[in-house]
Each structure stands twice: as C-alpha cells, then as structure tokens.
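This is entry26.txt. It holds compact mmCIF, C-alpha atoms.
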```txt
# COMPACT_ATOMS: atom_id res chain seq x y z
CA MET W 92 -11.08 11.50 5.35
CA ASN W 93 -12.03 9.13 8.17
CA LEU W 94 -12.81 5.40 8.15
CA HIS W 95 -16.55 6.03 7.86
CA SER W 96 -16.02 8.14 4.73
CA ILE W 97 -13.72 5.56 3.17
CA ASN W 98 -16.24 2.82 3.92
CA GLN W 99 -18.99 4.89 2.28
CA LEU W 100 -16.88 5.29 -0.87
CA LEU W 101 -16.00 1.60 -0.84
CA HIS W 102 -19.65 0.64 -0.44
CA MET W 103 -20.49 2.66 -3.57
CA GLN W 104 -17.89 0.64 -5.49
CA LEU W 105 -18.55 -2.71 -3.80
CA PRO W 106 -22.00 -2.94 -2.23
CA GLY W 107 -21.80 -4.72 1.11
CA ALA W 108 -18.04 -4.26 1.47
CA SER W 109 -16.39 -2.52 4.40
CA LEU W 110 -12.99 -2.22 6.03
CA SER W 111 -12.13 -3.46 9.49
CA LEU W 112 -8.96 -3.36 11.57
CA GLN W 113 -7.14 -6.68 11.24
CA GLU W 114 -3.98 -8.30 12.55
CA LEU W 115 -1.55 -9.83 10.07
CA PRO W 116 -0.24 -13.10 11.53
CA ALA W 117 3.18 -12.88 9.85
CA CYS W 118 3.56 -9.19 10.70
CA LYS W 119 2.72 -8.81 14.37
CA PRO W 120 2.20 -6.27 15.89
CA LEU W 121 1.18 -4.53 12.65
CA VAL W 122 -2.56 -3.98 12.05
CA LEU W 123 -4.35 -2.68 8.95
CA TYR W 124 -7.79 -1.58 7.89
CA LEU W 125 -8.59 -4.13 5.16
CA LEU W 126 -11.61 -5.62 3.42
CA GLN W 127 -13.66 -7.29 6.13
CA GLY W 128 -13.72 -11.07 5.94
CA GLY W 129 -16.82 -12.74 4.62
CA PHE W 130 -17.41 -10.34 1.73
CA ASP W 131 -19.30 -12.35 -0.90
CA ASP W 132 -18.05 -11.27 -4.30
CA SER W 133 -20.20 -13.91 -6.02
CA GLN W 134 -23.16 -11.54 -5.64
CA LEU W 135 -21.59 -8.76 -7.74
CA ASP W 136 -23.38 -7.92 -10.96
CA GLN W 137 -21.55 -7.56 -14.28
CA ALA W 138 -21.67 -3.74 -14.24
CA THR W 139 -20.01 -3.64 -10.81
CA ILE W 140 -17.33 -6.10 -11.89
CA GLU W 141 -16.54 -4.01 -14.98
CA ARG W 142 -16.47 -0.78 -12.95
CA ILE W 143 -14.03 -2.11 -10.36
CA SER W 144 -11.92 -3.70 -13.11
CA ASP W 145 -11.39 -0.22 -14.57
CA ASP W 146 -10.53 1.39 -11.22
CA PRO W 147 -9.84 -1.29 -8.60
CA PRO W 148 -9.50 -0.32 -4.94
CA TYR W 149 -6.08 -1.99 -4.50
CA TRP W 150 -5.79 -0.58 -1.01
CA ILE W 151 -8.51 -2.85 0.47
CA PHE W 152 -6.14 -5.85 0.42
CA CYS W 153 -2.78 -6.73 1.87
CA TRP W 154 -1.31 -8.34 -1.24
CA ALA W 155 0.90 -11.40 -0.77
CA SER W 156 4.24 -9.90 -1.80
CA GLY W 157 3.72 -6.82 0.37
CA HIS W 158 2.76 -9.04 3.30
CA ALA W 159 5.91 -11.14 2.79
CA LEU W 160 8.17 -8.10 2.41
CA ALA W 161 6.70 -6.47 5.53
CA GLY W 162 7.32 -9.70 7.46
CA LYS W 163 10.98 -9.81 6.37
CA ILE W 164 11.42 -6.19 7.47
CA LEU W 165 9.82 -6.80 10.87
CA ARG W 166 11.94 -9.92 11.45
CA GLY W 167 15.10 -7.92 10.67
CA GLU W 168 15.90 -9.88 7.51
CA ILE W 169 15.91 -6.57 5.63
CA ASP W 170 17.62 -3.84 7.68
CA VAL W 171 15.96 -0.47 7.21
CA ARG W 172 17.01 1.11 10.52
CA LYS W 173 17.99 4.77 10.18
CA LYS W 174 17.45 4.68 6.41
CA THR W 175 15.26 6.94 4.33
CA VAL W 176 12.85 4.52 2.70
CA VAL W 177 10.13 4.95 0.10
CA ASP W 178 7.31 2.43 -0.32
CA PHE W 179 6.36 2.80 -3.99
CA GLY W 180 2.79 1.89 -4.93
CA ALA W 181 2.07 1.63 -1.23
CA GLY W 182 -1.54 0.39 -1.44
CA SER W 183 -2.60 -0.28 2.16
CA GLY W 184 0.77 0.91 3.47
CA VAL W 185 1.84 -2.46 4.91
CA VAL W 186 5.46 -2.22 3.74
CA ALA W 187 5.79 1.43 4.76
CA ILE W 188 4.38 0.75 8.21
CA ALA W 189 6.67 -2.24 8.72
CA ALA W 190 9.67 -0.09 7.75
CA ALA W 191 8.60 2.65 10.15
CA LEU W 192 8.13 0.14 12.97
CA ALA W 193 11.64 -1.16 12.19
CA GLY W 194 13.21 2.28 12.58
CA ALA W 195 13.25 3.83 9.11
CA GLU W 196 12.23 7.32 8.07
CA VAL W 197 9.43 6.42 5.68
CA MET W 198 7.64 7.99 2.79
CA THR W 199 5.03 6.49 0.51
CA CYS W 200 4.47 7.04 -3.16
CA GLU W 201 0.83 6.26 -3.98
CA ILE W 202 -1.29 7.79 -6.75
CA ASP W 203 -4.71 6.80 -5.43
CA PRO W 204 -6.11 9.61 -3.23
CA VAL W 205 -8.40 7.28 -1.24
CA GLY W 206 -5.49 4.89 -0.82
CA ASN W 207 -3.47 7.75 0.64
CA HIS W 208 -6.19 8.44 3.19
CA LEU W 209 -6.23 4.78 4.14
CA ILE W 210 -2.44 4.70 4.48
CA ALA W 211 -2.73 7.63 6.90
CA LEU W 212 -5.36 5.76 8.94
CA ASN W 213 -3.25 2.59 8.93
CA ALA W 214 -0.16 4.53 9.99
CA ALA W 215 -2.11 6.13 12.85
CA ALA W 216 -3.44 2.72 13.94
CA ASN W 217 0.19 1.57 14.21
CA HIS W 218 1.43 4.79 15.87
CA VAL W 219 3.98 5.58 13.13
CA GLN W 220 4.74 8.67 11.08
CA ILE W 221 4.78 8.40 7.29
CA ARG W 222 5.09 11.23 4.78
CA GLN W 223 3.04 10.79 1.64
CA PHE W 224 3.73 11.73 -1.97
CA SER W 225 2.10 10.88 -5.28
CA SER W 226 5.35 10.90 -7.29
CA LEU W 227 8.98 10.01 -6.65
CA ASN W 228 9.86 13.35 -8.25
CA ASP W 229 8.05 15.17 -5.41
CA ILE W 230 10.26 13.69 -2.68
CA PRO W 231 12.57 16.51 -1.55
CA GLN W 232 15.42 14.51 -0.03
CA PRO W 233 17.81 11.70 -0.92
CA ILE W 234 16.35 8.20 -0.73
CA ASP W 235 18.42 5.29 0.61
CA LEU W 236 16.05 2.49 -0.36
CA ILE W 237 12.94 2.02 -2.48
CA LEU W 238 10.67 -0.85 -1.57
CA ALA W 239 8.08 -1.94 -4.12
CA ALA W 240 5.68 -4.83 -3.71
CA ASP W 241 3.02 -6.07 -6.08
CA VAL W 242 3.56 -3.32 -8.65
CA LEU W 243 4.88 -5.24 -11.67
CA TYR W 244 1.57 -6.92 -12.55
CA GLU W 245 1.47 -5.35 -16.04
CA LYS W 246 4.24 -5.32 -18.63
CA LYS W 247 4.07 -1.50 -18.89
CA ASN W 248 4.97 -1.28 -15.17
CA LEU W 249 8.44 -2.70 -15.83
CA GLN W 250 9.49 0.88 -16.64
CA PHE W 251 9.33 1.54 -12.90
CA LEU W 252 12.53 -0.47 -12.43
CA ASP W 253 14.61 2.15 -14.29
CA LEU W 254 12.78 4.93 -12.45
CA PHE W 255 13.63 3.38 -9.09
CA LEU W 256 17.33 3.20 -9.90
CA ARG W 257 17.35 6.88 -10.88
CA HIS W 258 16.05 7.80 -7.42
CA ALA W 259 17.81 5.43 -5.02
CA PRO W 260 21.00 3.38 -4.84
CA ASP W 261 19.14 0.36 -3.45
CA VAL W 262 15.84 -1.15 -4.53
CA ILE W 263 13.98 -4.20 -3.27
CA VAL W 264 11.11 -5.48 -5.39
CA ALA W 265 8.76 -8.18 -4.16
CA ASP W 266 6.38 -9.43 -6.80
```

Encoded form (structure tokens):
Amino acid sequence: MNLHSINQLLHMQLPGASLSLQELPACKPLVLYLLQGGFDDSQLDQATIERISDDPPYWIFCWASGHALAGKILRGEIDVRKKTVVDFGAGSGVVAIAAALAGAEVMTCEIDPVGNHLIALNAAANHVQIRQFSSLNDIPQPIDLILAADVLYEKKNLQFLDLFLRHAPDVIVAD
C-alpha cells in the first residue's frame, strides 16, 4: 500500500485529512508521514466522531511519549546499539525508526494493518530496515529490549506489562 492509498483510506475516515512527510524537531533527522497540519476537526459531524472513536487511526500522530522516547534513543540516553529491539504498539513507527537509526535490529508489533503499511513507508523515508509482526508470539528470535510508548491508555492494557516481561529481560515503557 502506498501513501496515496493510505491517504484515500484516511480521507474516508476523516474527510479532508491527509498525511504529509514531517520533521520532528526533537528527533532530527527522523521524518514521518503524519496528519498534515491545519486539519480542522471542528468540522467533523457526530457520525464521523463516533466512527473514529470506535476505530481510531492512531498511526496518524506522533504521540508525546513516543516522541520523547525516540528523542532519548537518538540522543544516546537509551543505548540500543546492537540490541534486538521490539517497538510494541508501534503506531507511526517513531520509536522503532529511532532505534534503527541508533544501531538496533528492530521489529515492530502493531495490530493495525494500515498502521503497518505506514510504518513501512516511514521506515523507507528514513532509510532503515524494520521487520513487522502483529504479535509478540510471532517473533522468531530472542528479544533484548521491548519499547512501548503510549499503550497504557486503558486499564485493560496493563496486562501488557506481564506479557512484555515474558518476552524480554528489559522493558522501557513511556506513557
């Protein structure tokens, strides 16, 4: 799926919305395809708001905790060099891409199929390789570190913490 196809799907969910390649000031030189600035959500009707509430396109944003975690990785405050790293709930892929740029072997774990296509586009825009999976159980090799940002927004998601520790000796959660 290419950017045009993703934008068409996004436009069906959010009329007038589109993705554009953007720099992240705290994460240079990383760039991401994100919701284009100036999108006016005040014009959304109630039916659209309810529809996106049921199935939000998380991947159109670079959420704050992911942005902060990616910045720490790129500044060397979190050393991922030569580690096998998984970005769980990868969204736009910002944390995974930062880890790859910092020298890690990176995999993502993302359940949203469109999000996975966007992660692939974002990885290509940053000239990094990332392997993608939809479940931690599908990852065929030992994991050194799981990174998870902005995934504990619901109480039921706290179960992920035990899951992480079953799959990796080290876990960093930013939320």

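Candidate residues W:Glu196, W:Asn213, W:Phe130, W:Cys118 were compared for distance to W:Ala159, and the nearest is W:Cys118, using all atoms listed in the file.
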
From W:Arg142, W:Lys174, W:His95, W:Lys163, residue lying nearest W:Pro260 [all atoms listed in the file]
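Nearest to W:Pro260: W:Lys174.
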
Which residue out of W:Gln104, W:Asn98, W:Gln232, W:Asn207 has the minimum interatomic distance to W:Thr175 when all atoms listed in the file are used?
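When distances to W:Thr175 are compared using all atoms listed in the file, the smallest one comes from W:Gln232.
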
Figure out the distance between atom CA of W:Leu125 and atom CA of W:Ser144, please, to one decimal in Å.
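It comes out at 18.6 Å.
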
Would you kindly identify which residues have an atom no farther than 8 Å from (5.8, 6.2, -0.8), using all atoms listed in the file and the file's own coordinates, and write them out as a PyMOL selection string?
chain W and resi 177-181+187+197-201+222-225+227

Take atom CA of W:Ala214 and atom CA of W:Leu112 and report the distance between them in Å, one decimal.
11.9 Å

Counting only C-alpha atoms, the residue of W:Val262, W:Ile97, W:Ala189, W:Leu110 that sits nearest W:Ala161:
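The shortest atom-to-atom distance to W:Ala161 comes from W:Ala189.
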
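For the atom pair formed by atom CA of W:Ser183 and atom CA of W:Ile210, the distance is 5.5 Å, given to one decimal.
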